[in-house]
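To keep things clear, I will list the structure first and then write my remarks on it.
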Amino acid sequence: MIVRRATPAEHPIWAAMLARLHGEQSVEELERELAEFARLPEPYVCFLAFSDDGEAVGMVDARVRNYAEGAPNLRAAYVEDLWVEPRHRRAGVASRLLAAVEDWAREQGLDWLGSDTELDNQLSQKWHLAAGFHVEERLVVFGK
């Protein structure tokens, strides 16, 4: 397996995986969002995992946030999305992707990595705990 930082030409691969993760948005909408994210002043990156035969099997994207719940400093690296194709799960793909983000965060001079998941996503919560994350807080977000 190869894990590497996505290039702009690979935004369609990134967007396709995001569309499977976030079923409410189309690949085209997500590609437009990724183009916008690429223009943000804070770094926003994606790492893709490829099988030995070149198939894209997973992705993780992360960015630098100016604030993250539980972070000891204001600036923190934050995992925004993580996706592994179902037939490649439980084979270490997510762990390899997370390691790439951790290396990237250290290169950015950041010593804390955050992530989140839905309150009812028990599988994701178990994975986060097994990957070394710990619960910082639980919250319900409101908007108006």
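Just remember, in the structure tokens the first chain shown is A, the second B, etc., residues are 1-based per chain, and ligands are 1-based in the order shown.
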Neighbours of segment 79-81 of chain A within 8 Å (only C-alpha atoms; same-chain residues fewer than 5 positions away dropped), as an mmCIF file with C-alpha atoms, in the first residue's frame?
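Contents of the output file out08.cif:
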```cif
data_model
loop_
_atom_site.group_PDB
_atom_site.id
_atom_site.type_symbol
_atom_site.label_atom_id
_atom_site.label_comp_id
_atom_site.auth_asym_id
_atom_site.auth_seq_id
_atom_site.Cartn_x
_atom_site.Cartn_y
_atom_site.Cartn_z
ATOM 1 C CA LEU A 18 -16.096 12.280 0.347
ATOM 2 C CA MET A 59 -8.477 9.043 2.203
ATOM 3 C CA VAL A 60 -8.042 11.343 5.124
ATOM 4 C CA ASP A 61 -8.183 15.105 5.049
ATOM 5 C CA ALA A 62 -7.050 17.475 7.730
ATOM 6 C CA ARG A 63 -6.445 21.127 8.295
ATOM 7 C CA VAL A 101 -1.601 13.184 9.031
ATOM 8 C CA LEU A 113 -4.323 16.434 16.698
ATOM 9 C CA GLY A 114 -8.085 16.550 17.058
ATOM 10 C CA SER A 115 -10.905 14.651 15.410
ATOM 11 C CA ASP A 116 -14.607 14.123 15.941
#
```
Legend entry - Close residues, Ala38 of chain A itself excluded, 12 Å, only C-alpha atoms, min 3 positions apart in chain, as a list in words: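 After dropping sequence-adjacent residues, the list is Ala6, Thr7, Pro8, His11, Glu31, Arg32, Glu33, Leu34, Ala35, Pro41, Glu42, Pro43, Tyr44, Val45, Cys46, Asp61, Ala62 and Arg63 of chain A.
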Please write the residues from the selection above to a file, keeping N, CA and C atoms, as a JSON list (two decimals), in the first residue's frame.
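For reference, result_36.json as written:
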```json
[["chain", "number", "residue", "atom", "x", "y", "z"],
["A", 6, "ALA", "N", -2.36, 13.99, -1.64],
["A", 6, "ALA", "CA", -3.10, 14.13, -2.90],
["A", 6, "ALA", "C", -2.61, 15.36, -3.66],
["A", 7, "THR", "N", -2.61, 15.23, -4.97],
["A", 7, "THR", "CA", -2.29, 16.34, -5.85],
["A", 7, "THR", "C", -3.59, 16.99, -6.31],
["A", 8, "PRO", "N", -3.54, 18.22, -6.82],
["A", 8, "PRO", "CA", -4.77, 18.83, -7.35],
["A", 8, "PRO", "C", -5.45, 17.97, -8.42],
["A", 11, "HIS", "N", -8.10, 15.59, -7.02],
["A", 11, "HIS", "CA", -9.30, 16.08, -6.34],
["A", 11, "HIS", "C", -10.54, 15.26, -6.70],
["A", 31, "GLU", "N", -16.17, 18.62, -5.32],
["A", 31, "GLU", "CA", -15.02, 19.12, -6.08],
["A", 31, "GLU", "C", -14.95, 20.64, -6.03],
["A", 32, "ARG", "N", -16.10, 21.31, -6.12],
["A", 32, "ARG", "CA", -16.12, 22.77, -6.02],
["A", 32, "ARG", "C", -15.66, 23.21, -4.62],
["A", 33, "GLU", "N", -16.11, 22.50, -3.59],
["A", 33, "GLU", "CA", -15.68, 22.83, -2.22],
["A", 33, "GLU", "C", -14.18, 22.65, -2.06],
["A", 34, "LEU", "N", -13.64, 21.59, -2.63],
["A", 34, "LEU", "CA", -12.20, 21.34, -2.50],
["A", 34, "LEU", "C", -11.40, 22.46, -3.17],
["A", 35, "ALA", "N", -11.90, 22.96, -4.28],
["A", 35, "ALA", "CA", -11.22, 24.08, -4.94],
["A", 35, "ALA", "C", -11.22, 25.30, -4.03],
["A", 41, "PRO", "N", -6.34, 30.30, 3.73],
["A", 41, "PRO", "CA", -5.01, 30.66, 4.21],
["A", 41, "PRO", "C", -4.37, 29.59, 5.09],
["A", 42, "GLU", "N", -5.18, 28.84, 5.82],
["A", 42, "GLU", "CA", -4.64, 27.76, 6.66],
["A", 42, "GLU", "C", -4.52, 26.49, 5.81],
["A", 43, "PRO", "N", -3.49, 25.71, 6.04],
["A", 43, "PRO", "CA", -3.31, 24.48, 5.25],
["A", 43, "PRO", "C", -4.49, 23.51, 5.38],
["A", 44, "TYR", "N", -4.85, 22.92, 4.27],
["A", 44, "TYR", "CA", -5.89, 21.89, 4.19],
["A", 44, "TYR", "C", -5.35, 20.82, 3.27],
["A", 45, "VAL", "N", -5.16, 19.62, 3.79],
["A", 45, "VAL", "CA", -4.49, 18.58, 3.01],
["A", 45, "VAL", "C", -5.31, 17.30, 2.96],
["A", 46, "CYS", "N", -5.00, 16.49, 1.97],
["A", 46, "CYS", "CA", -5.59, 15.16, 1.85],
["A", 46, "CYS", "C", -4.46, 14.17, 1.59],
["A", 61, "ASP", "N", -8.54, 13.70, 5.24],
["A", 61, "ASP", "CA", -8.18, 15.11, 5.05],
["A", 61, "ASP", "C", -8.13, 15.78, 6.41],
["A", 62, "ALA", "N", -7.29, 16.79, 6.47],
["A", 62, "ALA", "CA", -7.05, 17.47, 7.73],
["A", 62, "ALA", "C", -6.69, 18.92, 7.43],
["A", 63, "ARG", "N", -6.82, 19.73, 8.45],
["A", 63, "ARG", "CA", -6.44, 21.13, 8.30],
["A", 63, "ARG", "C", -5.95, 21.66, 9.62]]
```
Legend entry - Selected residue of minimal separation from Tyr67 of chain A among A:Trp112, A:Val3, A:Val135, A:Ala16, counting only C-alpha atoms: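 Nearest to Tyr67 of chain A: A:Trp112.
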Inset, instruction - Identify, on the basis of only C-alpha atoms, every residue whose closest approach to Thr117 of chain A does not exceed 10 Å; exclude the query and any residue fewer than 5 positions from it along the same chain; express the result as a list of chain:residue names. - result: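 The residues that qualify are A:Glu80, A:Asp81, A:Gln122, A:Leu123, A:Ser124, A:Gln125, A:His128.
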Inset, instruction - Can you work out the spacing between atom CA of Ile13 of chain A and atom CA of Leu110 of chain A in Å, to one decimal? - result: 27.4 Å
Legend entry - Picked from segment 5-138 of chain A by DSSP as strand (DSSP E), as a VMD selection string: chain A and resid 5 44 to 50 56 to 65 76 to 84 113 to 114
Expected file contents, prior selection, C-alpha atoms, as a compact mmCIF listing (two decimals), in the first residue's frame:
```
# COMPACT_ATOMS: atom_id res chain seq x y z
CA ARG A 5 -0.44 13.53 -0.26
CA TYR A 44 -5.89 21.89 4.19
CA VAL A 45 -4.49 18.58 3.01
CA CYS A 46 -5.59 15.16 1.85
CA PHE A 47 -3.69 11.91 1.93
CA LEU A 48 -4.77 9.06 -0.31
CA ALA A 49 -4.09 5.36 0.17
CA PHE A 50 -3.56 3.20 -2.90
CA ALA A 56 -7.54 4.32 -4.43
CA VAL A 57 -8.75 2.63 -1.23
CA GLY A 58 -8.88 5.38 1.36
CA MET A 59 -8.48 9.04 2.20
CA VAL A 60 -8.04 11.34 5.12
CA ASP A 61 -8.18 15.11 5.05
CA ALA A 62 -7.05 17.47 7.73
CA ARG A 63 -6.44 21.13 8.30
CA VAL A 64 -5.04 23.56 10.77
CA ARG A 65 -7.74 25.07 12.94
CA ALA A 76 -4.21 22.62 16.19
CA ALA A 77 -4.25 20.02 13.45
CA TYR A 78 -7.67 18.48 12.94
CA VAL A 79 -8.84 15.40 11.04
CA GLU A 80 -11.91 16.49 9.10
CA ASP A 81 -12.77 13.31 7.17
CA LEU A 82 -11.57 9.72 7.02
CA TRP A 83 -12.84 7.11 4.56
CA VAL A 84 -11.72 3.59 3.71
CA LEU A 113 -4.32 16.43 16.70
CA GLY A 114 -8.09 16.55 17.06
```
Legend entry - Gap from atom CA of Arg138 of chain A to atom CA of Leu119 of chain A - Å, one decimal: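 Atom-to-atom, atom CA of Arg138 of chain A to atom CA of Leu119 of chain A, that is 8.0 Å.
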Legend entry - Gap from atom CA of Asp52 of chain A to atom CA of Met1 of chain A - Å, one decimal: 5.2 Å
Inset, instruction - Enumerate the residues of chain A with a DSSP assignment of helix (DSSP H, G or I), computed from the backbone, and present them as a PyMOL selection string. - result: chain A and resi 8-21+27-37+86-88+93-107+122-130
